[in-house]
Amino acid sequence: MSTLVCFHAHPDDEAISTGGAMARAAAEGHRVVLVVATDGAHGEVPDDLADGETLVDRRKQETDGSVAALGAHRVVFLGYTDSGMTGWDQNSDPDCFFQAELADAAERLAVILREENADVLTAYDWHGNYGHPDHIKVHEVGHAAVDLLISEGRGIRLFEATMNRDRVITMMQQAMEMGVTPPQDGADGEAFDPAGPADDGNPFGMLEAELTLEIDVSGFVAQKRAAIACHRSQISDQSFFLEMPEEAFTAMFGIESYIERGVEPPMRPGWLFA
């Protein structure tokens with residue numbers, strides 16, 4: 001048995017980005033641990049919060065449900081405040097993840113990696129898939145934590161979870177041809193364009209030519225979809241993720257894309273523990 005630790009920025013990121021790998025690893029008998037950097041305090045606030053219940057409370061509860069759906073064994077919140085979207089005033093909050101000292105945040109993550117004797121860590125690509133400050137910080141902190149463990153003589157592999165931009169464009173077109181409403185760009189309400197500028201001005205995800213690994217998780221898309229559905233405060237039944245027919249969902253989310261640290265392209269089919 002090996003141990004997979006998936007490091008994510010906010011509650012719900014795990015289901016969309018690495019949910020298939022988490023479910024597959026758990027089903028194969030590996031230990032699966034989710035680490036969430038922030039509390040998700042600046043997400044969408046649902047109208048059905050109970051008296052005294054906060055958005056943070058709700059999102060932690062939803063994360064517990066997602067972890068259960070994926071079969072993961074442990075969830076840890078690193079304790080940082082959500083930094084908000086690029087350019088928000090919250091980016092300057094001294095308690096937010098974006099403002100965290102890199103060495104301190106890396107050590108917080110390294111403590112968990114040591115406790116778990118982790119074999120594999122997932123983080124994000126260099127621009128966090130779409131330029132969100134917390135996602136970029138996950139990339140930086142993930143690499144710094146692995147550097148710490150390697151300096152101690154520990155063996156650990158790092159995979160950057162990303163999206164295959166070429167494949168996303170193709171799959172979105174196919175989904176729309178099946179009548180699925182495309183996701184909207186939060187900035188202007190227009191249809192999301194993976195090739196257009198994201199939060200940091202760069203296109204969404206990475207080109208297929210830049211990837212090193214694709215993982216077949218088609219046998220676990222039902223669990224992945226169930227995990228996404230757990231995050232009701234952020235993802236409604238009418239969302240792009242849950243509205244599409246099962247066939248379209250499997251086609252789009254049955255493959256997960258990664259860049260392994262120290263490995264050069266081209267992209268190859270494989271597995272995190274191979």
# chains A, B, ... in the order shown; residues from 1 in each chain; ligands from 1
call {"tool": "residues_around", "arguments": {"residues": "A:Gly196", "least_positions_apart": "3", "cutoff": "12 Å", "atoms": "only C-alpha atoms", "output": "ChimeraX atom specification"}}
result
/A:130,165,169,185,190-193,199-205
call {"tool": "write_last_selection", "arguments": {"atoms": "C-alpha atoms", "output": "PDB file, in the first residue's frame"}}
result
ATOM      1  CA  TYR A 130      -6.438  29.428 -14.273  1.00  0.00           C
ATOM      2  CA  ARG A 165      -6.548  22.489 -22.779  1.00  0.00           C
ATOM      3  CA  ILE A 169     -11.858  22.505 -26.003  1.00  0.00           C
ATOM      4  CA  ASP A 185     -17.077  33.205 -17.347  1.00  0.00           C
ATOM      5  CA  GLU A 190     -20.025  35.062 -21.490  1.00  0.00           C
ATOM      6  CA  ALA A 191     -19.360  31.434 -22.371  1.00  0.00           C
ATOM      7  CA  PHE A 192     -16.108  30.161 -20.893  1.00  0.00           C
ATOM      8  CA  ASP A 193     -13.299  30.014 -23.470  1.00  0.00           C
ATOM      9  CA  ASP A 199      -7.383  35.238 -14.156  1.00  0.00           C
ATOM     10  CA  ASP A 200      -3.670  35.737 -14.791  1.00  0.00           C
ATOM     11  CA  GLY A 201      -4.032  36.489 -18.503  1.00  0.00           C
ATOM     12  CA  ASN A 202      -2.928  32.998 -19.534  1.00  0.00           C
ATOM     13  CA  PRO A 203      -5.183  30.403 -21.171  1.00  0.00           C
ATOM     14  CA  PHE A 204      -6.814  27.705 -19.039  1.00  0.00           C
ATOM     15  CA  GLY A 205      -4.778  24.607 -18.144  1.00  0.00           C
TER      16      GLY A 205
END
call {"tool": "residues_around", "arguments": {"residues": "A:Leu113", "least_positions_apart": "3", "cutoff": "12 Å", "atoms": "only C-alpha atoms", "output": "ChimeraX atom specification"}}
result
/A:3-7,32-35,76,106-110,116-122,142,145-150,154-158
call {"tool": "write_last_selection", "arguments": {"atoms": "N, CA, C and O atoms", "output": "tab-separated table (two decimals), in the first residue's frame"}}
result
chain	number	residue	atom	x	y	z
A	3	THR	N	0.82	5.77	-0.21
A	3	THR	CA	0.01	6.88	0.29
A	3	THR	C	0.03	8.02	-0.70
A	3	THR	O	1.10	8.51	-1.10
A	4	LEU	N	-1.16	8.45	-1.09
A	4	LEU	CA	-1.36	9.59	-1.99
A	4	LEU	C	-1.89	10.76	-1.18
A	4	LEU	O	-2.90	10.62	-0.48
A	5	VAL	N	-1.21	11.90	-1.27
A	5	VAL	CA	-1.70	13.13	-0.65
A	5	VAL	C	-2.03	14.11	-1.77
A	5	VAL	O	-1.18	14.41	-2.61
A	6	CYS	N	-3.27	14.58	-1.80
A	6	CYS	CA	-3.71	15.55	-2.80
A	6	CYS	C	-3.87	16.90	-2.13
A	6	CYS	O	-4.65	17.05	-1.18
A	7	PHE	N	-3.14	17.88	-2.62
A	7	PHE	CA	-3.10	19.21	-2.03
A	7	PHE	C	-3.91	20.15	-2.91
A	7	PHE	O	-3.63	20.28	-4.11
A	32	VAL	N	-5.38	7.47	0.99
A	32	VAL	CA	-5.62	8.71	0.28
A	32	VAL	C	-5.93	9.82	1.29
A	32	VAL	O	-6.84	9.68	2.11
A	33	VAL	N	-5.18	10.90	1.22
A	33	VAL	CA	-5.32	12.02	2.15
A	33	VAL	C	-5.54	13.30	1.35
A	33	VAL	O	-4.82	13.57	0.38
A	34	LEU	N	-6.52	14.08	1.75
A	34	LEU	CA	-6.78	15.38	1.13
A	34	LEU	C	-6.30	16.48	2.07
A	34	LEU	O	-6.64	16.49	3.25
A	35	VAL	N	-5.51	17.41	1.53
A	35	VAL	CA	-5.08	18.59	2.28
A	35	VAL	C	-5.65	19.81	1.56
A	35	VAL	O	-5.43	19.99	0.35
A	76	VAL	N	-7.40	17.25	5.87
A	76	VAL	CA	-6.73	18.20	6.75
A	76	VAL	C	-6.83	19.59	6.13
A	76	VAL	O	-6.54	19.77	4.94
A	106	ALA	N	5.07	25.68	3.52
A	106	ALA	CA	5.68	24.42	3.07
A	106	ALA	C	5.91	23.49	4.25
A	106	ALA	O	5.71	22.27	4.14
A	107	GLU	N	6.30	24.04	5.39
A	107	GLU	CA	6.53	23.19	6.57
A	107	GLU	C	5.21	22.63	7.09
A	107	GLU	O	5.15	21.48	7.53
A	108	ARG	N	4.13	23.42	7.05
A	108	ARG	CA	2.82	22.90	7.47
A	108	ARG	C	2.44	21.68	6.63
A	108	ARG	O	1.95	20.68	7.15
A	109	LEU	N	2.66	21.80	5.32
A	109	LEU	CA	2.34	20.67	4.44
A	109	LEU	C	3.31	19.52	4.67
A	109	LEU	O	2.91	18.35	4.72
A	110	ALA	N	4.58	19.84	4.86
A	110	ALA	CA	5.59	18.80	5.07
A	110	ALA	C	5.31	17.98	6.32
A	110	ALA	O	5.58	16.78	6.35
A	116	GLU	N	2.26	11.00	7.20
A	116	GLU	CA	1.64	10.00	6.34
A	116	GLU	C	2.65	9.15	5.58
A	116	GLU	O	2.27	8.21	4.89
A	117	ASN	N	3.94	9.51	5.71
A	117	ASN	CA	4.96	8.82	4.93
A	117	ASN	C	4.53	8.78	3.46
A	117	ASN	O	4.54	7.71	2.81
A	118	ALA	N	4.19	9.93	2.93
A	118	ALA	CA	3.59	10.03	1.60
A	118	ALA	C	4.54	9.58	0.51
A	118	ALA	O	5.73	9.90	0.52
A	119	ASP	N	3.99	8.85	-0.44
A	119	ASP	CA	4.74	8.42	-1.62
A	119	ASP	C	4.54	9.37	-2.80
A	119	ASP	O	5.43	9.55	-3.62
A	120	VAL	N	3.33	9.93	-2.89
A	120	VAL	CA	2.96	10.80	-4.02
A	120	VAL	C	2.21	12.01	-3.48
A	120	VAL	O	1.33	11.89	-2.62
A	121	LEU	N	2.57	13.19	-4.02
A	121	LEU	CA	1.85	14.42	-3.73
A	121	LEU	C	1.35	15.00	-5.04
A	121	LEU	O	2.09	15.05	-6.02
A	122	THR	N	0.10	15.45	-5.07
A	122	THR	CA	-0.37	16.22	-6.21
A	122	THR	C	-0.54	17.68	-5.78
A	122	THR	O	-0.98	17.96	-4.66
A	142	GLY	N	3.58	23.29	-2.73
A	142	GLY	CA	3.76	21.86	-3.00
A	142	GLY	C	5.19	21.54	-3.38
A	142	GLY	O	5.80	20.59	-2.86
A	145	ALA	N	7.52	22.03	-0.30
A	145	ALA	CA	7.40	20.95	0.68
A	145	ALA	C	8.12	19.70	0.21
A	145	ALA	O	8.80	19.02	0.99
A	146	VAL	N	8.01	19.39	-1.07
A	146	VAL	CA	8.72	18.22	-1.61
A	146	VAL	C	10.23	18.44	-1.54
A	146	VAL	O	10.98	17.51	-1.23
A	147	ASP	N	10.68	19.67	-1.79
A	147	ASP	CA	12.11	19.97	-1.64
A	147	ASP	C	12.58	19.68	-0.22
A	147	ASP	O	13.68	19.14	-0.01
A	148	LEU	N	11.76	20.04	0.77
A	148	LEU	CA	12.12	19.78	2.16
A	148	LEU	C	12.29	18.28	2.41
A	148	LEU	O	13.26	17.84	3.02
A	149	LEU	N	11.33	17.50	1.93
A	149	LEU	CA	11.39	16.05	2.17
A	149	LEU	C	12.57	15.41	1.45
A	149	LEU	O	13.24	14.54	2.01
A	150	ILE	N	12.83	15.86	0.24
A	150	ILE	CA	13.97	15.31	-0.51
A	150	ILE	C	15.27	15.65	0.20
A	150	ILE	O	16.19	14.82	0.27
A	154	ARG	N	14.00	11.67	1.99
A	154	ARG	CA	12.75	10.94	1.79
A	154	ARG	C	12.42	10.89	0.31
A	154	ARG	O	12.59	11.87	-0.42
A	155	GLY	N	11.92	9.76	-0.15
A	155	GLY	CA	11.51	9.62	-1.53
A	155	GLY	C	10.05	9.98	-1.70
A	155	GLY	O	9.18	9.44	-1.01
A	156	ILE	N	9.76	10.90	-2.60
A	156	ILE	CA	8.37	11.30	-2.86
A	156	ILE	C	8.30	11.83	-4.27
A	156	ILE	O	9.22	12.52	-4.74
A	157	ARG	N	7.22	11.51	-4.97
A	157	ARG	CA	7.01	12.01	-6.32
A	157	ARG	C	5.96	13.10	-6.30
A	157	ARG	O	5.00	13.04	-5.52
A	158	LEU	N	6.14	14.10	-7.16
A	158	LEU	CA	5.21	15.22	-7.24
A	158	LEU	C	4.59	15.27	-8.63
A	158	LEU	O	5.30	15.28	-9.64
call {"tool": "select_by_dssp", "arguments": {"residues": "stretch 25-256 of chain A", "states": "helix (DSSP H, G or I)", "output": "MDAnalysis selection string"}}
result
chainID A and resid 25:27 55:70 89:92 97:99 102:116 133:151 165:177 208:210 218:230 240:243 246:253
call {"tool": "atom_distance", "arguments": {"atom1": "atom CA of A:Gln223", "atom2": "atom CA of A:Ala68"}}
result
9.5 Å
call {"tool": "residues_around", "arguments": {"residues": "A:Ala21", "least_positions_apart": "4", "cutoff": "12 Å", "atoms": "only C-alpha atoms", "output": "PDB file with N, CA, C and O atoms, in the first residue's frame"}}
result
ATOM      1  N   LEU A   4      -1.164   8.450  -1.094  1.00  0.00           N
ATOM      2  CA  LEU A   4      -1.362   9.587  -1.989  1.00  0.00           C
ATOM      3  C   LEU A   4      -1.890  10.758  -1.181  1.00  0.00           C
ATOM      4  O   LEU A   4      -2.896  10.623  -0.481  1.00  0.00           O
ATOM      5  N   VAL A   5      -1.214  11.901  -1.266  1.00  0.00           N
ATOM      6  CA  VAL A   5      -1.703  13.130  -0.650  1.00  0.00           C
ATOM      7  C   VAL A   5      -2.030  14.109  -1.767  1.00  0.00           C
ATOM      8  O   VAL A   5      -1.183  14.411  -2.611  1.00  0.00           O
ATOM      9  N   CYS A   6      -3.273  14.577  -1.798  1.00  0.00           N
ATOM     10  CA  CYS A   6      -3.707  15.545  -2.802  1.00  0.00           C
ATOM     11  C   CYS A   6      -3.867  16.902  -2.126  1.00  0.00           C
ATOM     12  O   CYS A   6      -4.647  17.047  -1.180  1.00  0.00           O
ATOM     13  N   GLU A  14     -10.884  19.450  -5.030  1.00  0.00           N
ATOM     14  CA  GLU A  14     -10.434  18.055  -5.062  1.00  0.00           C
ATOM     15  C   GLU A  14     -11.320  17.197  -5.955  1.00  0.00           C
ATOM     16  O   GLU A  14     -10.836  16.326  -6.693  1.00  0.00           O
ATOM     17  N   ALA A  15     -12.628  17.441  -5.917  1.00  0.00           N
ATOM     18  CA  ALA A  15     -13.560  16.603  -6.672  1.00  0.00           C
ATOM     19  C   ALA A  15     -13.378  16.797  -8.169  1.00  0.00           C
ATOM     20  O   ALA A  15     -13.364  15.835  -8.945  1.00  0.00           O
ATOM     21  N   ILE A  16     -13.222  18.031  -8.589  1.00  0.00           N
ATOM     22  CA  ILE A  16     -13.131  18.344 -10.007  1.00  0.00           C
ATOM     23  C   ILE A  16     -11.778  17.953 -10.583  1.00  0.00           C
ATOM     24  O   ILE A  16     -11.681  17.390 -11.672  1.00  0.00           O
ATOM     25  N   SER A  17     -10.721  18.225  -9.834  1.00  0.00           N
ATOM     26  CA  SER A  17      -9.370  18.096 -10.380  1.00  0.00           C
ATOM     27  C   SER A  17      -8.778  16.701 -10.252  1.00  0.00           C
ATOM     28  O   SER A  17      -8.262  16.142 -11.221  1.00  0.00           O
ATOM     29  N   ALA A  25      -7.262   5.311  -6.450  1.00  0.00           N
ATOM     30  CA  ALA A  25      -6.219   4.920  -5.493  1.00  0.00           C
ATOM     31  C   ALA A  25      -6.840   4.243  -4.275  1.00  0.00           C
ATOM     32  O   ALA A  25      -6.340   3.216  -3.795  1.00  0.00           O
ATOM     33  N   ALA A  26      -7.931   4.814  -3.760  1.00  0.00           N
ATOM     34  CA  ALA A  26      -8.582   4.224  -2.590  1.00  0.00           C
ATOM     35  C   ALA A  26      -9.112   2.830  -2.915  1.00  0.00           C
ATOM     36  O   ALA A  26      -8.984   1.895  -2.107  1.00  0.00           O
ATOM     37  N   ALA A  27      -9.695   2.676  -4.100  1.00  0.00           N
ATOM     38  CA  ALA A  27     -10.251   1.379  -4.490  1.00  0.00           C
ATOM     39  C   ALA A  27      -9.157   0.316  -4.621  1.00  0.00           C
ATOM     40  O   ALA A  27      -9.408  -0.876  -4.397  1.00  0.00           O
ATOM     41  N   GLU A  28      -7.951   0.743  -4.966  1.00  0.00           N
ATOM     42  CA  GLU A  28      -6.832  -0.188  -5.115  1.00  0.00           C
ATOM     43  C   GLU A  28      -6.134  -0.490  -3.791  1.00  0.00           C
ATOM     44  O   GLU A  28      -5.161  -1.235  -3.754  1.00  0.00           O
ATOM     45  N   HIS A  30      -4.786   1.864  -1.630  1.00  0.00           N
ATOM     46  CA  HIS A  30      -3.821   2.871  -1.189  1.00  0.00           C
ATOM     47  C   HIS A  30      -4.476   3.815  -0.176  1.00  0.00           C
ATOM     48  O   HIS A  30      -5.699   3.971  -0.156  1.00  0.00           O
ATOM     49  N   ARG A  31      -3.669   4.429   0.652  1.00  0.00           N
ATOM     50  CA  ARG A  31      -4.178   5.439   1.584  1.00  0.00           C
ATOM     51  C   ARG A  31      -4.259   6.763   0.835  1.00  0.00           C
ATOM     52  O   ARG A  31      -3.323   7.157   0.122  1.00  0.00           O
ATOM     53  N   VAL A  32      -5.381   7.466   0.993  1.00  0.00           N
ATOM     54  CA  VAL A  32      -5.616   8.715   0.280  1.00  0.00           C
ATOM     55  C   VAL A  32      -5.932   9.817   1.293  1.00  0.00           C
ATOM     56  O   VAL A  32      -6.844   9.676   2.112  1.00  0.00           O
ATOM     57  N   VAL A  33      -5.177  10.901   1.220  1.00  0.00           N
ATOM     58  CA  VAL A  33      -5.316  12.019   2.153  1.00  0.00           C
ATOM     59  C   VAL A  33      -5.537  13.302   1.352  1.00  0.00           C
ATOM     60  O   VAL A  33      -4.824  13.567   0.382  1.00  0.00           O
ATOM     61  N   LEU A  34      -6.518  14.080   1.750  1.00  0.00           N
ATOM     62  CA  LEU A  34      -6.781  15.377   1.135  1.00  0.00           C
ATOM     63  C   LEU A  34      -6.296  16.478   2.069  1.00  0.00           C
ATOM     64  O   LEU A  34      -6.637  16.491   3.252  1.00  0.00           O
ATOM     65  N   LEU A  70     -15.440   9.682  -2.366  1.00  0.00           N
ATOM     66  CA  LEU A  70     -14.240   9.255  -3.082  1.00  0.00           C
ATOM     67  C   LEU A  70     -13.522   8.103  -2.375  1.00  0.00           C
ATOM     68  O   LEU A  70     -12.603   7.507  -2.955  1.00  0.00           O
ATOM     69  N   GLY A  71     -13.902   7.822  -1.152  1.00  0.00           N
ATOM     70  CA  GLY A  71     -13.259   6.743  -0.413  1.00  0.00           C
ATOM     71  C   GLY A  71     -11.948   7.133   0.229  1.00  0.00           C
ATOM     72  O   GLY A  71     -11.181   6.268   0.664  1.00  0.00           O
ATOM     73  N   ALA A  72     -11.686   8.445   0.317  1.00  0.00           N
ATOM     74  CA  ALA A  72     -10.440   8.905   0.938  1.00  0.00           C
ATOM     75  C   ALA A  72     -10.493   8.698   2.448  1.00  0.00           C
ATOM     76  O   ALA A  72     -11.570   8.516   3.038  1.00  0.00           O
ATOM     77  N   VAL A 120       3.328   9.934  -2.894  1.00  0.00           N
ATOM     78  CA  VAL A 120       2.964  10.798  -4.016  1.00  0.00           C
ATOM     79  C   VAL A 120       2.210  12.011  -3.484  1.00  0.00           C
ATOM     80  O   VAL A 120       1.334  11.889  -2.621  1.00  0.00           O
ATOM     81  N   LEU A 121       2.567  13.186  -4.016  1.00  0.00           N
ATOM     82  CA  LEU A 121       1.849  14.422  -3.726  1.00  0.00           C
ATOM     83  C   LEU A 121       1.351  14.999  -5.039  1.00  0.00           C
ATOM     84  O   LEU A 121       2.093  15.045  -6.020  1.00  0.00           O
ATOM     85  N   THR A 122       0.099  15.447  -5.069  1.00  0.00           N
ATOM     86  CA  THR A 122      -0.367  16.225  -6.212  1.00  0.00           C
ATOM     87  C   THR A 122      -0.538  17.676  -5.775  1.00  0.00           C
ATOM     88  O   THR A 122      -0.975  17.962  -4.660  1.00  0.00           O
ATOM     89  N   PHE A 159       3.264  15.308  -8.657  1.00  0.00           N
ATOM     90  CA  PHE A 159       2.522  15.445  -9.902  1.00  0.00           C
ATOM     91  C   PHE A 159       1.708  16.732  -9.851  1.00  0.00           C
ATOM     92  O   PHE A 159       0.988  16.969  -8.874  1.00  0.00           O
ATOM     93  N   ALA A 161      -1.406  18.507 -10.977  1.00  0.00           N
ATOM     94  CA  ALA A 161      -2.722  18.275 -11.573  1.00  0.00           C
ATOM     95  C   ALA A 161      -3.080  19.471 -12.443  1.00  0.00           C
ATOM     96  O   ALA A 161      -2.964  20.624 -12.019  1.00  0.00           O
ATOM     97  N   GLU A 214      -1.386  10.948 -18.532  1.00  0.00           N
ATOM     98  CA  GLU A 214      -2.849  10.950 -18.495  1.00  0.00           C
ATOM     99  C   GLU A 214      -3.302   9.673 -17.821  1.00  0.00           C
ATOM    100  O   GLU A 214      -2.762   8.594 -18.073  1.00  0.00           O
ATOM    101  N   ILE A 215      -4.273   9.824 -16.937  1.00  0.00           N
ATOM    102  CA  ILE A 215      -4.741   8.706 -16.121  1.00  0.00           C
ATOM    103  C   ILE A 215      -6.187   8.382 -16.489  1.00  0.00           C
ATOM    104  O   ILE A 215      -7.041   9.274 -16.527  1.00  0.00           O
ATOM    105  N   ASP A 216      -6.444   7.120 -16.738  1.00  0.00           N
ATOM    106  CA  ASP A 216      -7.792   6.660 -17.033  1.00  0.00           C
ATOM    107  C   ASP A 216      -8.539   6.439 -15.721  1.00  0.00           C
ATOM    108  O   ASP A 216      -8.201   5.552 -14.947  1.00  0.00           O
ATOM    109  N   VAL A 217      -9.528   7.275 -15.470  1.00  0.00           N
ATOM    110  CA  VAL A 217     -10.367   7.125 -14.264  1.00  0.00           C
ATOM    111  C   VAL A 217     -11.815   6.917 -14.656  1.00  0.00           C
ATOM    112  O   VAL A 217     -12.731   7.186 -13.867  1.00  0.00           O
ATOM    113  N   SER A 218     -12.033   6.427 -15.878  1.00  0.00           N
ATOM    114  CA  SER A 218     -13.398   6.278 -16.387  1.00  0.00           C
ATOM    115  C   SER A 218     -14.239   5.344 -15.524  1.00  0.00           C
ATOM    116  O   SER A 218     -15.469   5.476 -15.479  1.00  0.00           O
ATOM    117  N   GLY A 219     -13.582   4.412 -14.829  1.00  0.00           N
ATOM    118  CA  GLY A 219     -14.322   3.504 -13.963  1.00  0.00           C
ATOM    119  C   GLY A 219     -14.754   4.140 -12.660  1.00  0.00           C
ATOM    120  O   GLY A 219     -15.458   3.495 -11.851  1.00  0.00           O
ATOM    121  N   PHE A 220     -14.380   5.395 -12.438  1.00  0.00           N
ATOM    122  CA  PHE A 220     -14.654   6.054 -11.158  1.00  0.00           C
ATOM    123  C   PHE A 220     -15.383   7.391 -11.336  1.00  0.00           C
ATOM    124  O   PHE A 220     -15.445   8.186 -10.402  1.00  0.00           O
ATOM    125  N   VAL A 221     -15.931   7.612 -12.539  1.00  0.00           N
ATOM    126  CA  VAL A 221     -16.598   8.899 -12.780  1.00  0.00           C
ATOM    127  C   VAL A 221     -17.877   9.048 -11.948  1.00  0.00           C
ATOM    128  O   VAL A 221     -18.262  10.176 -11.611  1.00  0.00           O
ATOM    129  N   GLN A 223     -18.254   8.133  -8.839  1.00  0.00           N
ATOM    130  CA  GLN A 223     -17.805   8.660  -7.547  1.00  0.00           C
ATOM    131  C   GLN A 223     -17.346  10.106  -7.672  1.00  0.00           C
ATOM    132  O   GLN A 223     -17.596  10.940  -6.788  1.00  0.00           O
ATOM    133  N   LYS A 224     -16.690  10.407  -8.770  1.00  0.00           N
ATOM    134  CA  LYS A 224     -16.222  11.776  -8.996  1.00  0.00           C
ATOM    135  C   LYS A 224     -17.415  12.732  -9.093  1.00  0.00           C
ATOM    136  O   LYS A 224     -17.421  13.815  -8.491  1.00  0.00           O
ATOM    137  N   PHE A 253     -14.461  13.884 -18.122  1.00  0.00           N
ATOM    138  CA  PHE A 253     -13.800  13.743 -16.831  1.00  0.00           C
ATOM    139  C   PHE A 253     -13.271  12.342 -16.538  1.00  0.00           C
ATOM    140  O   PHE A 253     -12.777  12.081 -15.449  1.00  0.00           O
ATOM    141  N   GLY A 254     -13.343  11.455 -17.527  1.00  0.00           N
ATOM    142  CA  GLY A 254     -12.820  10.102 -17.346  1.00  0.00           C
ATOM    143  C   GLY A 254     -11.326   9.995 -17.539  1.00  0.00           C
ATOM    144  O   GLY A 254     -10.731   8.930 -17.340  1.00  0.00           O
ATOM    145  N   ILE A 255     -10.712  11.101 -17.944  1.00  0.00           N
ATOM    146  CA  ILE A 255      -9.253  11.181 -18.066  1.00  0.00           C
ATOM    147  C   ILE A 255      -8.783  12.364 -17.234  1.00  0.00           C
ATOM    148  O   ILE A 255      -9.354  13.453 -17.319  1.00  0.00           O
ATOM    149  N   GLU A 256      -7.757  12.163 -16.412  1.00  0.00           N
ATOM    150  CA  GLU A 256      -7.140  13.268 -15.668  1.00  0.00           C
ATOM    151  C   GLU A 256      -5.713  13.471 -16.150  1.00  0.00           C
ATOM    152  O   GLU A 256      -5.022  12.502 -16.493  1.00  0.00           O
ATOM    153  N   SER A 257      -5.287  14.719 -16.173  1.00  0.00           N
ATOM    154  CA  SER A 257      -3.997  15.086 -16.771  1.00  0.00           C
ATOM    155  C   SER A 257      -3.033  15.633 -15.723  1.00  0.00           C
ATOM    156  O   SER A 257      -3.437  16.417 -14.851  1.00  0.00           O
ATOM    157  N   TYR A 258      -1.768  15.252 -15.860  1.00  0.00           N
ATOM    158  CA  TYR A 258      -0.752  15.622 -14.879  1.00  0.00           C
ATOM    159  C   TYR A 258       0.590  15.908 -15.550  1.00  0.00           C
ATOM    160  O   TYR A 258       0.846  15.452 -16.668  1.00  0.00           O
ATOM    161  N   GLY A 270      -0.766   6.239 -18.027  1.00  0.00           N
ATOM    162  CA  GLY A 270      -0.113   5.574 -16.903  1.00  0.00           C
ATOM    163  C   GLY A 270      -0.862   5.805 -15.616  1.00  0.00           C
ATOM    164  O   GLY A 270      -2.054   6.097 -15.609  1.00  0.00           O
ATOM    165  N   TRP A 271      -0.122   5.707 -14.503  1.00  0.00           N
ATOM    166  CA  TRP A 271      -0.734   5.770 -13.182  1.00  0.00           C
ATOM    167  C   TRP A 271       0.247   6.416 -12.218  1.00  0.00           C
ATOM    168  O   TRP A 271       1.460   6.417 -12.439  1.00  0.00           O
ATOM    169  N   LEU A 272      -0.263   6.987 -11.131  1.00  0.00           N
ATOM    170  CA  LEU A 272       0.558   7.701 -10.167  1.00  0.00           C
ATOM    171  C   LEU A 272       1.560   6.805  -9.466  1.00  0.00           C
ATOM    172  O   LEU A 272       2.607   7.270  -9.006  1.00  0.00           O
ATOM    173  N   PHE A 273       1.255   5.510  -9.347  1.00  0.00           N
ATOM    174  CA  PHE A 273       2.104   4.615  -8.583  1.00  0.00           C
ATOM    175  C   PHE A 273       2.927   3.685  -9.459  1.00  0.00           C
ATOM    176  O   PHE A 273       3.562   2.766  -8.971  1.00  0.00           O
TER     177      PHE A 273
END
call {"tool": "residues_around", "arguments": {"residues": "A:Glu160", "least_positions_apart": "2", "cutoff": "8 Å", "atoms": "only C-alpha atoms", "output": "MDAnalysis selection string"}}
result
chainID A and resid 122:125 139 158 162 258:261
call {"tool": "write_last_selection", "arguments": {"atoms": "N, CA and C atoms", "output": "tab-separated table (two decimals), in the first residue's frame"}}
result
chain	number	residue	atom	x	y	z
A	122	THR	N	0.10	15.45	-5.07
A	122	THR	CA	-0.37	16.22	-6.21
A	122	THR	C	-0.54	17.68	-5.78
A	123	ALA	N	-0.15	18.59	-6.67
A	123	ALA	CA	-0.38	20.02	-6.47
A	123	ALA	C	-0.99	20.54	-7.78
A	124	TYR	N	-0.63	21.74	-8.22
A	124	TYR	CA	-1.15	22.28	-9.48
A	124	TYR	C	-0.01	22.68	-10.41
A	125	ASP	N	-0.38	22.99	-11.65
A	125	ASP	CA	0.62	23.48	-12.60
A	125	ASP	C	1.08	24.89	-12.20
A	139	HIS	N	0.83	25.47	-6.00
A	139	HIS	CA	1.96	25.02	-6.82
A	139	HIS	C	3.28	25.30	-6.10
A	158	LEU	N	6.14	14.10	-7.16
A	158	LEU	CA	5.21	15.22	-7.24
A	158	LEU	C	4.59	15.27	-8.63
A	162	THR	N	-3.50	19.21	-13.66
A	162	THR	CA	-3.83	20.29	-14.58
A	162	THR	C	-4.96	19.84	-15.49
A	258	TYR	N	-1.77	15.25	-15.86
A	258	TYR	CA	-0.75	15.62	-14.88
A	258	TYR	C	0.59	15.91	-15.55
A	259	ILE	N	1.41	16.65	-14.82
A	259	ILE	CA	2.81	16.86	-15.20
A	259	ILE	C	3.65	16.37	-14.03
A	260	GLU	N	4.45	15.34	-14.26
A	260	GLU	CA	5.29	14.84	-13.18
A	260	GLU	C	6.57	15.64	-13.10
A	261	ARG	N	6.91	16.07	-11.91
A	261	ARG	CA	8.15	16.83	-11.71
A	261	ARG	C	9.34	15.98	-12.13
call {"tool": "closest_atom_pairs", "arguments": {"of": "stretch 77-194 of chain A", "to": "stretch 239-242 of chain A", "cutoff": "9 Å", "atoms": "only C-alpha atoms", "output": "JSON lines"}}
result
{"residue": "A:Val180", "atom": "CA", "partner": "A:Phe240", "partner_atom": "CA", "distance": 7.1}
{"residue": "A:Thr181", "atom": "CA", "partner": "A:Phe240", "partner_atom": "CA", "distance": 6.4}
{"residue": "A:Pro182", "atom": "CA", "partner": "A:Phe240", "partner_atom": "CA", "distance": 6.2}
{"residue": "A:Pro183", "atom": "CA", "partner": "A:Phe240", "partner_atom": "CA", "distance": 5.5}
{"residue": "A:Gln184", "atom": "CA", "partner": "A:Phe240", "partner_atom": "CA", "distance": 8.8}
call {"tool": "closest_residue", "arguments": {"among": "A:Gln234, A:Asn164, A:Gln61, A:Ser2", "to": "A:Leu211", "atoms": "only C-alpha atoms"}}
result
A:Asn164
